[in-house]
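Heads up, final03.cif below (mmCIF, C-alpha atoms):
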data_run
#
loop_
_atom_site.label_atom_id
_atom_site.label_comp_id
_atom_site.auth_asym_id
_atom_site.auth_seq_id
_atom_site.Cartn_x
_atom_site.Cartn_y
_atom_site.Cartn_z
CA PRO X 14 0.00 0.00 0.00
CA ASN X 15 0.97 3.64 -0.48
CA PHE X 16 1.79 6.01 2.36
CA THR X 17 -1.11 8.00 3.82
CA SER X 18 0.63 9.43 6.90
CA LEU X 19 2.87 12.47 6.55
CA ASP X 20 4.35 11.85 10.00
CA GLN X 21 5.39 8.32 8.99
CA LEU X 22 6.89 9.61 5.75
CA MET X 23 8.91 12.26 7.59
CA ASP X 24 10.18 9.71 10.11
CA GLN X 25 11.50 7.59 7.25
CA ALA X 26 13.08 10.66 5.64
CA ARG X 27 15.02 11.45 8.82
CA ILE X 28 16.43 7.93 8.96
CA LEU X 29 17.29 7.78 5.26
CA ASN X 30 18.95 11.19 5.33
CA VAL X 31 21.83 9.70 7.34
CA TYR X 32 22.54 7.20 4.56
CA LEU X 33 21.89 9.64 1.72
CA LYS X 34 24.55 12.00 3.09
CA ARG X 35 27.03 9.13 3.14
CA LYS X 36 26.09 8.17 -0.41
CA VAL X 37 26.50 11.66 -1.89
CA ARG X 38 29.88 12.02 -0.18
CA ASP X 39 31.04 8.73 -1.70
CA ILE X 40 29.75 9.68 -5.15
CA ALA X 41 31.33 13.13 -4.96
CA GLN X 42 34.75 11.58 -4.32
CA ILE X 43 34.51 9.87 -7.71
CA CYS X 44 33.46 12.88 -9.78
CA ASN X 45 35.02 15.94 -8.10
CA GLY X 46 31.80 16.95 -6.39
CA LEU X 47 31.71 19.86 -3.95
CA PHE X 48 29.68 20.63 -0.82
CA LEU X 49 28.90 23.84 0.99
CA ALA X 50 31.22 24.55 3.90
CA GLU X 51 31.39 27.32 6.47
CA ILE X 52 34.95 28.42 7.18
CA ARG X 53 35.73 30.27 10.39
CA GLU X 54 38.87 32.38 10.35
CA GLY X 55 39.84 35.15 12.73
CA GLY X 56 36.37 35.53 14.17
CA ARG X 57 34.78 35.74 10.71
CA CYS X 58 32.74 33.17 8.80
CA LYS X 59 32.55 32.68 5.06
CA ARG X 60 30.91 30.02 2.96
CA LYS X 61 32.32 28.32 -0.12
CA PHE X 62 32.08 25.01 -1.97
CA LEU X 63 34.84 22.50 -1.22
CA LYS X 64 35.66 18.84 -1.72
CA PHE X 65 34.54 16.89 1.33
CA ARG X 66 37.17 15.68 3.77
CA ASP X 67 36.62 13.69 6.98
CA ASP X 68 39.76 15.11 8.59
CA THR X 69 38.79 18.77 8.45
CA THR X 70 39.52 20.98 11.46
CA GLU X 71 37.01 22.63 13.77
CA SER X 72 37.27 25.77 11.64
CA VAL X 73 35.37 24.04 8.80
CA VAL X 74 31.70 23.10 9.23
CA TRP X 75 30.05 21.10 6.45
CA ILE X 76 26.48 22.15 5.63
CA PHE X 77 24.15 19.42 4.41
CA ALA X 78 20.41 19.68 3.89
CA ASP X 79 17.99 18.71 6.64
CA VAL X 80 14.73 16.95 5.79
CA LYS X 81 11.99 19.14 4.35
CA PRO X 82 10.15 21.08 7.11
CA HIS X 83 6.56 20.00 7.83
CA GLU X 84 5.19 23.36 6.73
CA ARG X 85 6.89 23.10 3.33
CA ALA X 86 5.76 19.49 2.95
CA LEU X 87 2.15 20.50 3.58
CA GLU X 88 2.41 23.34 1.08
CA LYS X 89 3.58 20.97 -1.62
CA LEU X 90 0.99 18.31 -0.80
CA ILE X 91 -1.87 20.75 -1.15
CA ARG X 92 -0.45 22.72 -4.06
CA SER X 93 0.78 19.93 -6.30
CA TYR X 94 -0.31 16.45 -5.21
CA ASP X 95 -3.98 16.70 -4.21
CA CYS X 96 -3.02 15.73 -0.64
CA ASP X 97 -1.57 12.38 -1.75
CA VAL X 98 1.29 11.80 0.69
CA SER X 99 2.77 8.98 -1.38
CA ARG X 100 3.69 11.45 -4.15
CA LEU X 101 5.89 13.61 -1.94
CA ILE X 102 9.32 12.36 -2.98
CA ASP X 103 11.77 15.07 -1.88
CA CYS X 104 11.46 15.11 1.92
CA CYS X 105 14.99 13.69 2.06
CA ARG X 106 17.31 15.54 -0.33
CA GLN X 107 20.94 16.52 -0.81
CA THR X 108 22.89 18.60 -3.32
CA ILE X 109 26.24 18.05 -5.06
CA VAL X 110 27.93 21.04 -6.72
CA PHE X 111 30.29 20.80 -9.71
CA GLU X 112 32.79 23.04 -11.43
CA SER X 113 32.15 21.64 -14.93
CA VAL X 114 29.55 19.87 -17.03
CA SER X 115 31.94 16.95 -17.52
CA ASP X 116 31.95 16.40 -13.76
CA VAL X 117 28.14 16.40 -13.78
CA GLN X 118 28.23 13.74 -16.48
CA ALA X 119 30.70 11.68 -14.44
CA CYS X 120 28.34 11.88 -11.46
CA LEU X 121 25.38 10.71 -13.56
CA ASN X 122 27.42 7.74 -14.76
CA ALA X 123 28.46 6.91 -11.18
CA LEU X 124 24.86 6.99 -9.97
CA LYS X 125 23.70 4.89 -12.90
CA THR X 126 26.22 2.14 -12.16
CA ASP X 127 25.89 2.21 -8.36
CA ARG X 128 24.31 -1.07 -7.25
CA GLU X 129 22.75 0.56 -4.20
CA ILE X 130 20.95 3.20 -6.26
CA GLU X 131 17.61 2.67 -8.00
CA LEU X 132 16.80 5.68 -10.19
CA VAL X 133 13.10 6.55 -10.33
CA ARG X 134 13.00 9.85 -12.22
CA VAL X 135 15.36 12.41 -13.76
CA LYS X 136 14.52 16.07 -14.46
CA ASN X 137 17.15 17.60 -16.69
CA ARG X 138 16.72 21.35 -16.42
CA MET X 139 20.16 21.85 -17.98
CA SER X 140 18.79 20.71 -21.32
CA ASN X 141 18.07 23.30 -24.01
CA ARG X 142 14.60 21.78 -24.26
CA ALA X 143 13.79 22.39 -20.60
CA ASP X 144 11.11 25.01 -19.92
CA THR X 145 12.70 26.94 -17.05
CA ARG X 146 9.86 29.49 -16.83
CA THR X 147 8.31 27.31 -14.11
CA ASN X 148 11.38 27.56 -11.85
CA GLY X 149 12.62 31.10 -12.44
CA GLY X 150 15.22 30.17 -15.05
CA PHE X 151 17.33 28.06 -12.71
CA ARG X 152 19.35 25.26 -14.32
CA HIS X 153 20.14 21.99 -12.55
CA ILE X 154 19.47 18.25 -12.68
CA VAL X 155 17.08 16.62 -10.20
CA LEU X 156 17.25 12.87 -9.60
CA ASN X 157 14.72 10.94 -7.55
CA LEU X 158 15.96 7.58 -6.36
CA ARG X 159 15.90 4.85 -3.75
CA VAL X 160 18.93 3.84 -1.68
CA LYS X 161 18.91 0.05 -1.37
CA SER X 162 21.77 -0.89 0.91
CA MET X 163 21.88 -3.58 3.58
CA ASP X 164 21.29 -0.93 6.26
CA THR X 165 18.34 0.77 4.54
CA ILE X 166 16.71 -2.60 3.88
CA ARG X 167 17.17 -3.64 7.49
CA LEU X 168 15.63 -0.34 8.66
CA ALA X 169 12.76 -0.61 6.12
CA VAL X 170 13.55 2.69 4.40
CA ASP X 171 14.80 1.19 1.12
CA ASN X 172 11.51 2.05 -0.67
CA HIS X 173 11.58 5.68 0.42
CA ILE X 174 12.18 7.93 -2.60
CA CYS X 175 14.69 10.71 -1.99
CA GLU X 176 16.28 13.41 -4.12
CA ILE X 177 19.75 14.45 -5.27
CA GLN X 178 20.28 17.76 -7.05
CA LEU X 179 23.29 18.30 -9.31
CA ILE X 180 24.20 21.97 -9.77
CA LEU X 181 27.03 23.83 -11.45
CA GLU X 182 28.99 26.05 -9.07
CA ASP X 183 28.29 29.18 -11.12
CA PHE X 184 24.55 28.69 -10.56
CA ALA X 185 24.95 27.66 -6.92
CA ASN X 186 26.85 30.86 -6.16
CA LEU X 187 23.85 32.89 -7.35
CA LEU X 188 21.45 31.37 -4.82
CA THR X 189 20.50 33.40 -1.76
CA ASP X 190 17.93 32.88 0.99
CA GLU X 191 15.99 35.88 -0.32
CA MET X 192 15.81 34.32 -3.80
CA ARG X 193 14.53 31.05 -2.35
CA ASP X 194 11.86 32.83 -0.31
CA ARG X 195 10.63 34.81 -3.31
CA TYR X 196 10.47 31.68 -5.45
CA ARG X 197 8.40 29.88 -2.81
CA VAL X 198 5.88 32.72 -2.68
CA VAL X 199 5.55 32.78 -6.47
CA ARG X 200 5.26 28.99 -6.69
CA ASN X 201 2.62 28.83 -3.98
CA CYS X 202 0.52 31.40 -5.83
CA ARG X 203 0.54 29.83 -9.28
CA ASP X 204 -2.55 27.70 -8.63
CA GLY X 205 -4.59 30.66 -7.36
CA PRO X 206 -5.90 31.60 -3.89
CA SER X 207 -8.68 28.98 -3.97
CA LEU X 208 -6.03 26.32 -3.29
CA TRP X 209 -5.58 27.56 0.27
CA ARG X 210 -9.24 28.18 1.13
CA ASP X 211 -9.77 24.88 2.93
CA VAL X 212 -6.25 24.38 4.25
CA GLY X 213 -7.44 24.41 7.88
CA TYR X 214 -9.75 21.51 7.09
CA LEU X 215 -7.08 19.47 5.32
CA ILE X 216 -4.30 19.66 7.90
CA PRO X 217 -5.79 17.18 10.43
CA ARG X 218 -5.60 14.50 7.74
CA PHE X 219 -1.81 14.54 7.99
CA MET X 220 -0.58 15.91 11.30
CA LYS X 221 -1.34 18.08 14.32
CA GLY X 222 -0.28 21.69 14.72
CA ASN X 223 -0.67 25.07 13.07
CA PHE X 224 0.10 25.75 9.43
CA VAL X 225 0.94 29.19 8.08
CA SER X 226 1.55 29.63 4.37
CA SER X 227 3.28 32.56 2.75
CA ALA X 228 0.71 32.26 -0.03
CA ARG X 229 -1.96 33.70 2.26
CA ASN X 230 -0.14 37.01 2.08
CA CYS X 231 -0.32 37.24 -1.71
CA GLN X 232 -3.81 36.11 -2.71
CA SER X 233 -3.90 38.62 -5.56
CA CYS X 234 -0.86 37.11 -7.21
CA GLN X 235 -1.68 35.79 -10.69
CA CYS X 236 1.80 34.81 -11.85
CA LEU X 237 2.91 31.44 -13.17
CA GLN X 238 -0.46 30.04 -14.21
CA ASN X 239 1.03 26.86 -15.65
CA PRO X 240 0.28 23.82 -13.46
CA PRO X 241 3.25 22.12 -11.79
CA LEU X 242 4.65 18.85 -13.03
CA ALA X 243 3.20 15.86 -11.21
CA ALA X 244 5.53 13.32 -9.66
CA THR X 245 5.61 9.84 -11.11
CA GLY X 246 7.12 8.02 -8.13
CA HIS X 247 5.13 6.73 -5.17
CA HIS X 248 6.32 5.76 -1.72
CA LEU X 249 5.60 2.26 -0.50
CA TYR X 250 5.78 0.80 2.98
CA VAL X 251 5.84 -2.80 4.13
CA GLN X 252 3.58 -4.11 6.85
CA ASN X 253 5.18 -6.73 9.06
#
As structure tokens, what does this structure read like?
Amino acid sequence: PNFTSLDQLMDQARILNVYLKRKVRDIAQICNGLFLAEIREGGRCKRKFLKFRDDTTESVVWIFADVKPHERALEKLIRSYDCDVSRLIDCCRQTIVFESVSDVQACLNALKTDREIELVRVKNRMSNRADTRTNGGFRHIVLNLRVKSMDTIRLAVDNHICEIQLILEDFANLLTDEMRDRYRVVRNCRDGPSLWRDVGYLIPRFMKGNFVSSARNCQSCQCLQNPPLAATGHHLYVQN
């Protein structure tokens, strides 16, 4: 059966995120992948993309993605997936950054041949045929996959679909928190204000707590009328 509980899905995402971080670090070693790091020098902090090393000093802090926040997960469920929890396939996600397209290609080849990786879907927004009007012109590759290792099978998270984003460093350096926030507001508005009318009624179907959407603050927004792409993958869970 498919997932119906958002809480259960998020619990799986937290477990799988431990193994996904290990997997992207291993893959990055093969193809010159980079990760965001915070470097502390002389009382100052700066961020840059570096090759991962286990033996880094206390002055370097590696920054990996946490699981998707509940609020963001609810936004996406209501906006894009008609409240079908099984179609939410990016709760657990990580990003690898590259200096060149050839390194991106090497990463794709490494993922394709990895016996612990089962690819489910690929969105190639670096292609000339990609319509980037729906994501603000940003170019990257999004892969949805399952991690099927002995550990993930033993912990029953091997059917959980996660996400890896492959981004060129030139694009990654353009991203700011302000840009991300603006994109979320625009994206949440593209289906119109009627989408959020019954949000208070829908929330108890998934979890307890309050839900506040940035889209409520821009109900007059009429931008990006094109509907979002629907996901093709579905989460499965096994009953013992």
Item to check | Point (32.2, 24.6, -3.7), cut-off 9 Å, counting all atoms listed in the file, residues as a PyMOL selection string | outcome: chain X and resi 46-50+60-64+109-112+182+185-186
Can those selected residues be exported to a file as a PDB file, in the frame of the given file so that it contains C-alpha atoms?
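The new file part.pdb reads:
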ATOM      1  CA  GLY X  46      31.800  16.950  -6.390  1.00  0.00           C
ATOM      2  CA  LEU X  47      31.710  19.860  -3.950  1.00  0.00           C
ATOM      3  CA  PHE X  48      29.680  20.630  -0.820  1.00  0.00           C
ATOM      4  CA  LEU X  49      28.900  23.840   0.990  1.00  0.00           C
ATOM      5  CA  ALA X  50      31.220  24.550   3.900  1.00  0.00           C
ATOM      6  CA  ARG X  60      30.910  30.020   2.960  1.00  0.00           C
ATOM      7  CA  LYS X  61      32.320  28.320  -0.120  1.00  0.00           C
ATOM      8  CA  PHE X  62      32.080  25.010  -1.970  1.00  0.00           C
ATOM      9  CA  LEU X  63      34.840  22.500  -1.220  1.00  0.00           C
ATOM     10  CA  LYS X  64      35.660  18.840  -1.720  1.00  0.00           C
ATOM     11  CA  ILE X 109      26.240  18.050  -5.060  1.00  0.00           C
ATOM     12  CA  VAL X 110      27.930  21.040  -6.720  1.00  0.00           C
ATOM     13  CA  PHE X 111      30.290  20.800  -9.710  1.00  0.00           C
ATOM     14  CA  GLU X 112      32.790  23.040 -11.430  1.00  0.00           C
ATOM     15  CA  GLU X 182      28.990  26.050  -9.070  1.00  0.00           C
ATOM     16  CA  ALA X 185      24.950  27.660  -6.920  1.00  0.00           C
ATOM     17  CA  ASN X 186      26.850  30.860  -6.160  1.00  0.00           C
TER      18      ASN X 186
END
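Relative to atom CA of Ile76 of chain X, atom CA of Asp194 of chain X is found at 19.1 Å.
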Would you compute an axis-aligned box for segment 175-192 of chain X, covering every atom listed for it in the file with 3 Å of margin on each side, and report centre and edge lengths in Å to one decimal as JSON?
{"center_x": 21.8, "center_y": 23.3, "center_z": -5.2, "size_x": 20.3, "size_y": 31.2, "size_z": 18.4}
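Every protein or nucleic acid residue with an atom no more than 6 Å from segment 98-104 of chain X, counting all atoms listed in the file and leaving out same-chain residues fewer than 5 positions away, appears here: Asn15, Phe16, Thr17, Val80, Lys81, Ile174, Cys175, Glu176, His247 and His248 of chain X.
Between atom CA of Ala26 of chain X and atom CA of His173 of chain X the interatomic distance comes to 7.4 Å.
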Next on the checklist: Around (24.9, 10.7, 2.1), as given in the file, which residues come within 12 Å? Count only C-alpha atoms and list them as a PyMOL selection string.
Outcome noted: chain X and resi 27-42+48+65+77-79+105-109+130+160+175-177
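The protein and nucleic acid residues lying at most 7 Å from segment 117-123 of chain X are Ile40, Cys44, Phe111, Ser113, Val114, Thr126, Asp127 and Leu179 of chain X, with all atoms listed in the file considered and sequence neighbours fewer than 3 positions away removed.
The gap separating atom CA of Arg85 of chain X from atom CA of Ile154 of chain X is 20.9 Å, in Å to one decimal.
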Using the chain letters and numbers from the file, give me the residues hit by the PyMOL selection byres ((chain X and resi 96) around 10), as a JSON list (two decimals) with C-alpha atoms, in the frame of the given file.
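Done, and the output landed in result-v7.json:
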[["chain", "number", "residue", "atom", "x", "y", "z"],
["X", 17, "THR", "CA", -1.11, 8.00, 3.82],
["X", 19, "LEU", "CA", 2.87, 12.47, 6.55],
["X", 87, "LEU", "CA", 2.15, 20.50, 3.58],
["X", 88, "GLU", "CA", 2.41, 23.34, 1.08],
["X", 89, "LYS", "CA", 3.58, 20.97, -1.62],
["X", 90, "LEU", "CA", 0.99, 18.31, -0.80],
["X", 91, "ILE", "CA", -1.87, 20.75, -1.15],
["X", 92, "ARG", "CA", -0.45, 22.72, -4.06],
["X", 93, "SER", "CA", 0.78, 19.93, -6.30],
["X", 94, "TYR", "CA", -0.31, 16.45, -5.21],
["X", 95, "ASP", "CA", -3.98, 16.70, -4.21],
["X", 97, "ASP", "CA", -1.57, 12.38, -1.75],
["X", 98, "VAL", "CA", 1.29, 11.80, 0.69],
["X", 99, "SER", "CA", 2.77, 8.98, -1.38],
["X", 100, "ARG", "CA", 3.69, 11.45, -4.15],
["X", 101, "LEU", "CA", 5.89, 13.61, -1.94],
["X", 215, "LEU", "CA", -7.08, 19.47, 5.32],
["X", 216, "ILE", "CA", -4.30, 19.66, 7.90],
["X", 218, "ARG", "CA", -5.60, 14.50, 7.74],
["X", 219, "PHE", "CA", -1.81, 14.54, 7.99]]
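Across X:Gly150, X:Leu132, X:Arg142, X:Lys161, the tightest approach to Leu187 of chain X is made by X:Gly150 when counting all atoms listed in the file.
Closest approach to Gln21 of chain X among X:Met163, X:Ala169, X:Val74, X:Asn137: X:Ala169, based on only C-alpha atoms.
Using all atoms listed in the file, the smallest distance between any of X:Asp24, X:Asp116, X:Asp190, X:Glu71 and Asn45 of chain X comes from X:Asp116.
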Item to check | Picked residues, the PyMOL selection byres ((chain X and resi 152) around 12), as a count of residues only | outcome: 30
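Candidate residues X:Val135, X:Val198, X:Ala86, X:Leu168 were compared for distance to Leu22 of chain X, and the nearest is X:Ala86, using only C-alpha atoms.
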Checklist entry - Of the candidates X:Gln25, X:Ser162, X:Ser72, X:Thr189, which one gets nearest to Arg57 of chain X if we count only C-alpha atoms? => result X:Ser72
